[in-house]
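Participant: For reference, the file structure18.cif (mmCIF, C-alpha atoms) is included below:
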```cif
data_work
loop_
_atom_site.group_PDB
_atom_site.id
_atom_site.type_symbol
_atom_site.label_atom_id
_atom_site.label_comp_id
_atom_site.auth_asym_id
_atom_site.auth_seq_id
_atom_site.Cartn_x
_atom_site.Cartn_y
_atom_site.Cartn_z
ATOM 1 C CA MET A 1 154.834 5.682 -26.042
ATOM 2 C CA GLU A 2 157.204 3.530 -28.054
ATOM 3 C CA ARG A 3 156.159 0.722 -30.352
ATOM 4 C CA THR A 4 158.100 -2.387 -31.262
ATOM 5 C CA LEU A 5 157.735 -5.309 -33.638
ATOM 6 C CA ILE A 6 157.462 -8.889 -32.438
ATOM 7 C CA LEU A 7 157.541 -11.995 -34.614
ATOM 8 C CA ILE A 8 156.439 -15.128 -32.822
ATOM 9 C CA LYS A 9 158.445 -17.705 -34.720
ATOM 10 C CA PRO A 10 157.500 -21.111 -36.168
ATOM 11 C CA ASP A 11 158.933 -23.052 -33.206
ATOM 12 C CA ALA A 12 156.627 -21.228 -30.769
ATOM 13 C CA LEU A 13 153.678 -21.900 -33.071
ATOM 14 C CA GLN A 14 154.566 -25.595 -33.447
ATOM 15 C CA ARG A 15 155.115 -26.029 -29.709
ATOM 16 C CA GLY A 16 151.857 -24.310 -28.758
ATOM 17 C CA LEU A 17 153.622 -21.479 -26.929
ATOM 18 C CA VAL A 18 152.054 -18.444 -28.625
ATOM 19 C CA GLY A 19 149.854 -17.642 -25.636
ATOM 20 C CA ARG A 20 152.690 -18.140 -23.172
ATOM 21 C CA VAL A 21 154.984 -15.839 -25.166
ATOM 22 C CA MET A 22 152.272 -13.187 -25.293
ATOM 23 C CA SER A 23 151.686 -13.562 -21.541
ATOM 24 C CA TYR A 24 155.194 -12.299 -20.777
ATOM 25 C CA LEU A 25 154.397 -9.098 -22.682
ATOM 26 C CA GLU A 26 150.914 -8.680 -21.251
ATOM 27 C CA ASP A 27 152.052 -9.465 -17.709
ATOM 28 C CA LYS A 28 154.686 -6.732 -17.993
ATOM 29 C CA GLY A 29 151.949 -4.219 -18.785
ATOM 30 C CA LEU A 30 152.629 -3.661 -22.481
ATOM 31 C CA THR A 31 149.753 -2.996 -24.871
ATOM 32 C CA LEU A 32 149.064 -5.078 -27.968
ATOM 33 C CA VAL A 33 148.259 -2.632 -30.786
ATOM 34 C CA GLY A 34 148.645 -4.905 -33.845
ATOM 35 C CA ASN A 35 148.273 -8.651 -34.327
ATOM 36 C CA LYS A 36 148.068 -10.926 -37.359
ATOM 37 C CA MET A 37 149.230 -14.259 -38.732
ATOM 38 C CA MET A 38 151.120 -14.336 -41.996
ATOM 39 C CA GLN A 39 153.265 -16.568 -44.162
ATOM 40 C CA LEU A 40 156.637 -14.930 -44.799
ATOM 41 C CA ASP A 41 158.088 -15.045 -48.311
ATOM 42 C CA ASP A 42 161.617 -14.718 -49.681
ATOM 43 C CA SER A 43 161.197 -11.062 -50.602
ATOM 44 C CA LEU A 44 160.097 -10.013 -47.119
ATOM 45 C CA LEU A 45 162.743 -12.203 -45.451
ATOM 46 C CA HIS A 46 165.503 -10.712 -47.613
ATOM 47 C CA GLU A 47 164.351 -7.229 -46.645
ATOM 48 C CA HIS A 48 163.887 -8.030 -42.957
ATOM 49 C CA TYR A 49 167.169 -9.920 -42.599
ATOM 50 C CA ALA A 50 169.150 -7.802 -45.086
ATOM 51 C CA HIS A 51 172.052 -7.654 -42.622
ATOM 52 C CA LEU A 52 172.299 -11.475 -42.725
ATOM 53 C CA VAL A 53 171.635 -12.254 -46.403
ATOM 54 C CA ASP A 54 175.344 -12.756 -47.167
ATOM 55 C CA LYS A 55 175.930 -15.024 -44.156
ATOM 56 C CA PRO A 56 176.228 -18.788 -44.748
ATOM 57 C CA PHE A 57 173.428 -19.489 -42.245
ATOM 58 C CA PHE A 58 170.873 -17.166 -43.906
ATOM 59 C CA LYS A 59 169.261 -19.927 -45.985
ATOM 60 C CA GLY A 60 168.624 -21.922 -42.821
ATOM 61 C CA ILE A 61 167.000 -18.914 -41.164
ATOM 62 C CA ALA A 62 164.843 -18.223 -44.225
ATOM 63 C CA ASP A 63 163.749 -21.859 -44.543
ATOM 64 C CA PHE A 64 162.914 -21.957 -40.835
ATOM 65 C CA MET A 65 160.945 -18.695 -40.936
ATOM 66 C CA LYS A 66 158.945 -19.967 -43.958
ATOM 67 C CA SER A 67 158.252 -23.395 -42.418
ATOM 68 C CA THR A 68 154.945 -22.226 -40.889
ATOM 69 C CA PRO A 69 153.102 -18.946 -40.625
ATOM 70 C CA VAL A 70 154.324 -16.555 -37.937
ATOM 71 C CA ILE A 71 152.411 -14.310 -35.582
ATOM 72 C CA VAL A 72 153.287 -10.674 -36.264
ATOM 73 C CA GLN A 73 152.605 -8.201 -33.498
ATOM 74 C CA CYS A 74 153.163 -4.604 -32.549
ATOM 75 C CA TRP A 75 153.388 -3.788 -28.842
ATOM 76 C CA GLU A 76 153.371 -0.392 -27.167
ATOM 77 C CA GLY A 77 154.618 0.976 -23.855
ATOM 78 C CA GLN A 78 157.128 3.215 -22.129
ATOM 79 C CA GLU A 79 160.635 2.294 -23.322
ATOM 80 C CA CYS A 80 158.937 -0.646 -25.019
ATOM 81 C CA VAL A 81 161.835 -1.643 -27.279
ATOM 82 C CA GLU A 82 164.306 -2.117 -24.433
ATOM 83 C CA VAL A 83 161.710 -3.675 -22.131
ATOM 84 C CA VAL A 84 160.806 -6.271 -24.759
ATOM 85 C CA ARG A 85 164.482 -7.029 -25.505
ATOM 86 C CA LYS A 86 165.033 -7.771 -21.824
ATOM 87 C CA LEU A 87 161.906 -9.946 -21.699
ATOM 88 C CA CYS A 88 163.129 -11.938 -24.706
ATOM 89 C CA GLY A 89 166.568 -12.752 -23.281
ATOM 90 C CA VAL A 90 169.741 -13.252 -25.300
ATOM 91 C CA THR A 91 169.592 -14.819 -28.772
ATOM 92 C CA ASN A 92 171.092 -18.158 -27.695
ATOM 93 C CA ALA A 93 168.217 -19.466 -25.613
ATOM 94 C CA ARG A 94 170.516 -21.891 -23.738
ATOM 95 C CA GLU A 95 172.341 -18.850 -22.348
ATOM 96 C CA ALA A 96 169.262 -16.713 -21.687
ATOM 97 C CA ALA A 97 168.441 -15.889 -18.093
ATOM 98 C CA SER A 98 165.584 -17.576 -16.275
ATOM 99 C CA GLY A 99 162.549 -15.345 -16.229
ATOM 100 C CA THR A 100 162.963 -14.436 -19.910
ATOM 101 C CA ILE A 101 160.971 -15.904 -22.783
ATOM 102 C CA ARG A 102 164.002 -17.622 -24.293
ATOM 103 C CA GLY A 103 165.488 -18.604 -20.945
ATOM 104 C CA ASP A 104 162.289 -20.232 -19.729
ATOM 105 C CA LEU A 105 161.004 -21.744 -22.974
ATOM 106 C CA GLY A 106 163.875 -22.120 -25.467
ATOM 107 C CA MET A 107 166.995 -24.195 -26.092
ATOM 108 C CA SER A 108 168.273 -22.940 -29.466
ATOM 109 C CA VAL A 109 169.887 -20.021 -31.263
ATOM 110 C CA GLN A 110 167.631 -20.194 -34.330
ATOM 111 C CA SER A 111 164.570 -21.743 -32.719
ATOM 112 C CA ASN A 112 164.443 -19.101 -30.008
ATOM 113 C CA LEU A 113 160.704 -18.425 -30.188
ATOM 114 C CA ILE A 114 160.644 -14.684 -30.816
ATOM 115 C CA HIS A 115 162.102 -11.825 -32.829
ATOM 116 C CA ALA A 116 162.006 -8.323 -31.368
ATOM 117 C CA SER A 117 163.220 -5.023 -32.784
ATOM 118 C CA ASP A 118 166.720 -4.325 -31.457
ATOM 119 C CA SER A 119 166.454 -0.527 -31.244
ATOM 120 C CA LEU A 120 163.893 2.227 -31.505
ATOM 121 C CA GLU A 121 165.304 3.148 -34.935
ATOM 122 C CA THR A 122 164.919 -0.450 -36.119
ATOM 123 C CA ALA A 123 161.379 -0.638 -34.720
ATOM 124 C CA LYS A 124 160.432 2.469 -36.708
ATOM 125 C CA VAL A 125 161.468 0.595 -39.881
ATOM 126 C CA GLU A 126 160.219 -2.880 -38.951
ATOM 127 C CA VAL A 127 156.707 -1.999 -37.785
ATOM 128 C CA PRO A 128 155.695 -0.410 -41.128
ATOM 129 C CA ARG A 129 157.369 -3.284 -42.976
ATOM 130 C CA PHE A 130 154.785 -5.643 -41.507
ATOM 131 C CA PHE A 131 151.796 -3.400 -40.713
ATOM 132 C CA LYS A 132 149.767 -0.876 -42.690
ATOM 133 C CA ASP A 133 148.635 2.154 -40.692
ATOM 134 C CA ASP A 134 145.052 0.880 -40.555
ATOM 135 C CA GLU A 135 146.214 -2.403 -38.985
ATOM 136 C CA LEU A 136 147.540 -0.639 -35.865
ATOM 137 C CA PHE A 137 145.264 0.606 -33.126
ATOM 138 C CA SER A 138 145.433 3.101 -30.295
ATOM 139 C CA TYR A 139 143.043 2.776 -27.400
ATOM 140 C CA ASP A 140 142.688 3.859 -23.806
ATOM 141 C CA LYS A 141 144.069 1.080 -21.648
ATOM 142 C CA LYS A 142 142.180 1.367 -18.385
ATOM 143 C CA ASN A 143 144.874 -0.189 -16.212
ATOM 144 C CA TYR A 144 147.649 2.287 -17.138
ATOM 145 C CA GLU A 145 147.067 4.068 -13.836
ATOM 146 C CA TYR A 146 148.241 0.857 -12.146
ATOM 147 C CA ILE A 147 151.185 0.272 -14.502
ATOM 148 C CA TYR A 148 152.709 3.759 -14.760
ATOM 149 C CA ALA A 149 153.048 6.658 -12.342
ATOM 150 C CA PRO A 150 151.127 9.771 -13.492
ATOM 151 C CA ASP A 151 154.323 11.487 -14.684
ATOM 152 C CA GLU A 152 155.303 8.447 -16.825
ATOM 153 C CA LYS A 153 152.222 8.391 -19.056
#
```
Represent the structure from my file as structure tokens, please.
Facilitator:
Amino acid sequence: MERTLILIKPDALQRGLVGRVMSYLEDKGLTLVGNKMMQLDDSLLHEHYAHLVDKPFFKGIADFMKSTPVIVQCWEGQECVEVVRKLCGVTNAREAASGTIRGDLGMSVQSNLIHASDSLETAKVEVPRFFKDDELFSYDKKNYEYIYAPDEK
């Protein structure tokens, strides 16, 4: 099973959409294996958004991501990274398809409710950036027999 990182961003927290965002993931059949609230700092933001640090809009992203705590989660499932990316919708929420988190709930590029790892390789770096091993859990999800065919587990 793959794991992926999710950050539920300050706009979702401020708008009271944390539960609704999580519902998309739960309704799909993914398993929550790590969950915490944290205040991001400059050091962690520079590491997490290293590919954007030199961009003129980085300061705006950093200020936004520090404006409130965020909900940090790790989700698990078959092809989880790609499944979650599709559930999120495209970055510009105004262009995101209906039925996606951003398409149904968002209107912005920056305030687009959720960050998700963009590849399995990225997820393998991002999850340990935010979670210690003892903060992630594995457990027998009883409804897997109704989510996956026997040869998919």
Participant: If you count all atoms listed in the file, which residues fall within 6 Å of Trp75 in chain A, apart from same-chain ones fewer than 4 positions away, as a PyMOL selection string?
Facilitator: chain A and resi 3-4+31-33
Participant: So which residues get picked by the PyMOL selection byres ((chain A and resi 20) around 12) here, written as an NGL selection string?
Facilitator: :A and (8 or 12-13 or 15-19 or 21-27 or 100-102 or 104-105 or 113-114)
Participant: Just how far from CA of Lys36 in chain A is CA of Lys142 in chain A, in Å to one decimal?
Facilitator: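 Atom-to-atom, CA of Lys142 in chain A to CA of Lys36 in chain A, that is 23.4 Å.
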Participant: Evaluate the PyMOL selection byres ((chain A and resi 122) around 12) and record the selected residues as a PyMOL selection string, following the chain and residue labels used in the document.
Facilitator: chain A and resi 2-6+48-49+81-82+116-121+123-129
Participant: Smallest atom-to-atom distance to Asp41 in chain A: which of A:Cys80, A:Val53, A:Ala93, A:Met65, using all atoms listed in the file?
Facilitator: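 Closest residue, counting all atoms listed in the file: A:Met65.
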Participant: Can you translate the PyMOL selection byres ((chain A and resi 46) around 12) into the concrete residues it hits in this file, as a PyMOL selection string?
Facilitator: chain A and resi 40-45+47-55+58-59+61-63+65-66+129
Participant: Provide the CA of Arg94 in chain A to CA of Gly106 in chain A distance in Å, to one decimal place.
Facilitator: 6.9 Å
Participant: Point out the residue among A:Tyr139, A:Glu145, A:Pro10, A:Pro150 with the least atom-to-atom distance to Val70 in chain A, counting only C-alpha atoms.
Facilitator: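 So, comparing all the options, the nearest one is A:Pro10.
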Participant: Report the distance between CA of Gly89 in chain A and CA of Gly103 in chain A in Å, rounded to one decimal place.
Facilitator: 6.4 Å
Participant: Looking at only C-alpha atoms, which of A:Ser138, A:Lys153, A:Leu30, A:Asn35 is the one that sits closest to Leu87 in chain A?
Facilitator: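 Going through A:Ser138, A:Lys153, A:Leu30, A:Asn35 one by one, the smallest distance to Leu87 in chain A is for A:Leu30.
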Participant: A:Met1, A:Ala149, A:Cys88, A:Leu7: which is nearest Cys74 in chain A, counting all atoms listed in the file?
Facilitator: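 Checking each candidate against Cys74 in chain A, we get A:Leu7 as the closest.
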Participant: Write out as JSON, numbers by chain each polymer residue whose atoms come within 12 Å of Tyr146 in chain A, counting all atoms listed in the file; drop sequence neighbours fewer than 6 positions from it.
Facilitator: {"A": [28, 29, 152, 153]}
Participant: Can you work out which one of A:Met107, A:Ala96, A:Leu136, A:Val72 has the shortest atom-to-atom distance to Met38 in chain A, counting all atoms listed in the file?
Facilitator: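 Once distances to Met38 in chain A are computed over all atoms listed in the file, the minimum belongs to A:Val72.
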Participant: Which of these residues is nearest to Glu95 in chain A, using only C-alpha atoms: A:Gln39, A:Thr68, A:Ser108, A:Gln14?
Facilitator: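 Result for the nearest residue to Glu95 in chain A: A:Ser108.
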Participant: Can you sort out range 128-152 of chain A so it carries N, CA and C atoms, written as an mmCIF file, keeping the file's coordinate frame?
Facilitator:
```cif
data_model
loop_
_atom_site.group_PDB
_atom_site.id
_atom_site.type_symbol
_atom_site.label_atom_id
_atom_site.label_comp_id
_atom_site.auth_asym_id
_atom_site.auth_seq_id
_atom_site.Cartn_x
_atom_site.Cartn_y
_atom_site.Cartn_z
ATOM 1 N N PRO A 128 156.380 -0.647 -39.848
ATOM 2 C CA PRO A 128 155.695 -0.410 -41.128
ATOM 3 C C PRO A 128 156.001 -1.453 -42.200
ATOM 4 N N ARG A 129 157.073 -2.199 -42.035
ATOM 5 C CA ARG A 129 157.369 -3.284 -42.976
ATOM 6 C C ARG A 129 156.291 -4.362 -42.895
ATOM 7 N N PHE A 130 155.737 -4.557 -41.724
ATOM 8 C CA PHE A 130 154.785 -5.643 -41.507
ATOM 9 C C PHE A 130 153.343 -5.179 -41.309
ATOM 10 N N PHE A 131 153.143 -3.895 -40.992
ATOM 11 C CA PHE A 131 151.796 -3.400 -40.713
ATOM 12 C C PHE A 131 151.494 -2.150 -41.532
ATOM 13 N N LYS A 132 150.298 -2.106 -42.110
ATOM 14 C CA LYS A 132 149.767 -0.876 -42.690
ATOM 15 C C LYS A 132 149.227 -0.037 -41.533
ATOM 16 N N ASP A 133 149.121 1.263 -41.752
ATOM 17 C CA ASP A 133 148.635 2.154 -40.692
ATOM 18 C C ASP A 133 147.287 1.706 -40.137
ATOM 19 N N ASP A 134 146.387 1.247 -41.013
ATOM 20 C CA ASP A 134 145.052 0.880 -40.555
ATOM 21 C C ASP A 134 144.998 -0.481 -39.855
ATOM 22 N N GLU A 135 146.145 -1.138 -39.718
ATOM 23 C CA GLU A 135 146.214 -2.403 -38.985
ATOM 24 C C GLU A 135 146.725 -2.207 -37.554
ATOM 25 N N LEU A 136 147.061 -0.968 -37.208
ATOM 26 C CA LEU A 136 147.540 -0.639 -35.865
ATOM 27 C C LEU A 136 146.491 0.210 -35.153
ATOM 28 N N PHE A 137 146.333 -0.028 -33.878
ATOM 29 C CA PHE A 137 145.264 0.606 -33.126
ATOM 30 C C PHE A 137 145.803 1.310 -31.890
ATOM 31 N N SER A 138 145.176 2.410 -31.560
ATOM 32 C CA SER A 138 145.433 3.101 -30.295
ATOM 33 C C SER A 138 144.138 3.059 -29.513
ATOM 34 N N TYR A 139 144.236 2.809 -28.230
ATOM 35 C CA TYR A 139 143.043 2.776 -27.400
ATOM 36 C C TYR A 139 143.442 3.077 -25.961
ATOM 37 N N ASP A 140 142.477 3.502 -25.198
ATOM 38 C CA ASP A 140 142.688 3.859 -23.806
ATOM 39 C C ASP A 140 142.751 2.575 -22.985
ATOM 40 N N LYS A 141 143.912 2.272 -22.484
ATOM 41 C CA LYS A 141 144.069 1.080 -21.648
ATOM 42 C C LYS A 141 143.756 1.477 -20.209
ATOM 43 N N LYS A 142 142.709 0.940 -19.682
ATOM 44 C CA LYS A 142 142.180 1.367 -18.385
ATOM 45 C C LYS A 142 143.131 1.100 -17.229
ATOM 46 N N ASN A 143 144.019 0.137 -17.354
ATOM 47 C CA ASN A 143 144.874 -0.189 -16.212
ATOM 48 C C ASN A 143 146.204 0.565 -16.209
ATOM 49 N N TYR A 144 146.403 1.526 -17.121
ATOM 50 C CA TYR A 144 147.649 2.287 -17.138
ATOM 51 C C TYR A 144 147.912 2.978 -15.799
ATOM 52 N N GLU A 145 146.854 3.388 -15.114
ATOM 53 C CA GLU A 145 147.067 4.068 -13.836
ATOM 54 C C GLU A 145 147.694 3.134 -12.803
ATOM 55 N N TYR A 146 147.636 1.827 -13.059
ATOM 56 C CA TYR A 146 148.241 0.857 -12.146
ATOM 57 C C TYR A 146 149.582 0.335 -12.665
ATOM 58 N N ILE A 147 149.928 0.708 -13.886
ATOM 59 C CA ILE A 147 151.185 0.272 -14.502
ATOM 60 C C ILE A 147 152.219 1.375 -14.452
ATOM 61 N N TYR A 148 151.803 2.616 -14.716
ATOM 62 C CA TYR A 148 152.709 3.759 -14.760
ATOM 63 C C TYR A 148 152.323 4.800 -13.706
ATOM 64 N N ALA A 149 153.311 5.488 -13.190
ATOM 65 C CA ALA A 149 153.048 6.658 -12.342
ATOM 66 C C ALA A 149 152.488 7.766 -13.229
ATOM 67 N N PRO A 150 151.738 8.715 -12.666
ATOM 68 C CA PRO A 150 151.127 9.771 -13.492
ATOM 69 C C PRO A 150 152.136 10.519 -14.374
ATOM 70 N N ASP A 151 153.352 10.731 -13.887
ATOM 71 C CA ASP A 151 154.323 11.487 -14.684
ATOM 72 C C ASP A 151 155.025 10.628 -15.739
ATOM 73 N N GLU A 152 154.711 9.340 -15.821
ATOM 74 C CA GLU A 152 155.303 8.447 -16.825
ATOM 75 C C GLU A 152 154.394 8.233 -18.033
#
```
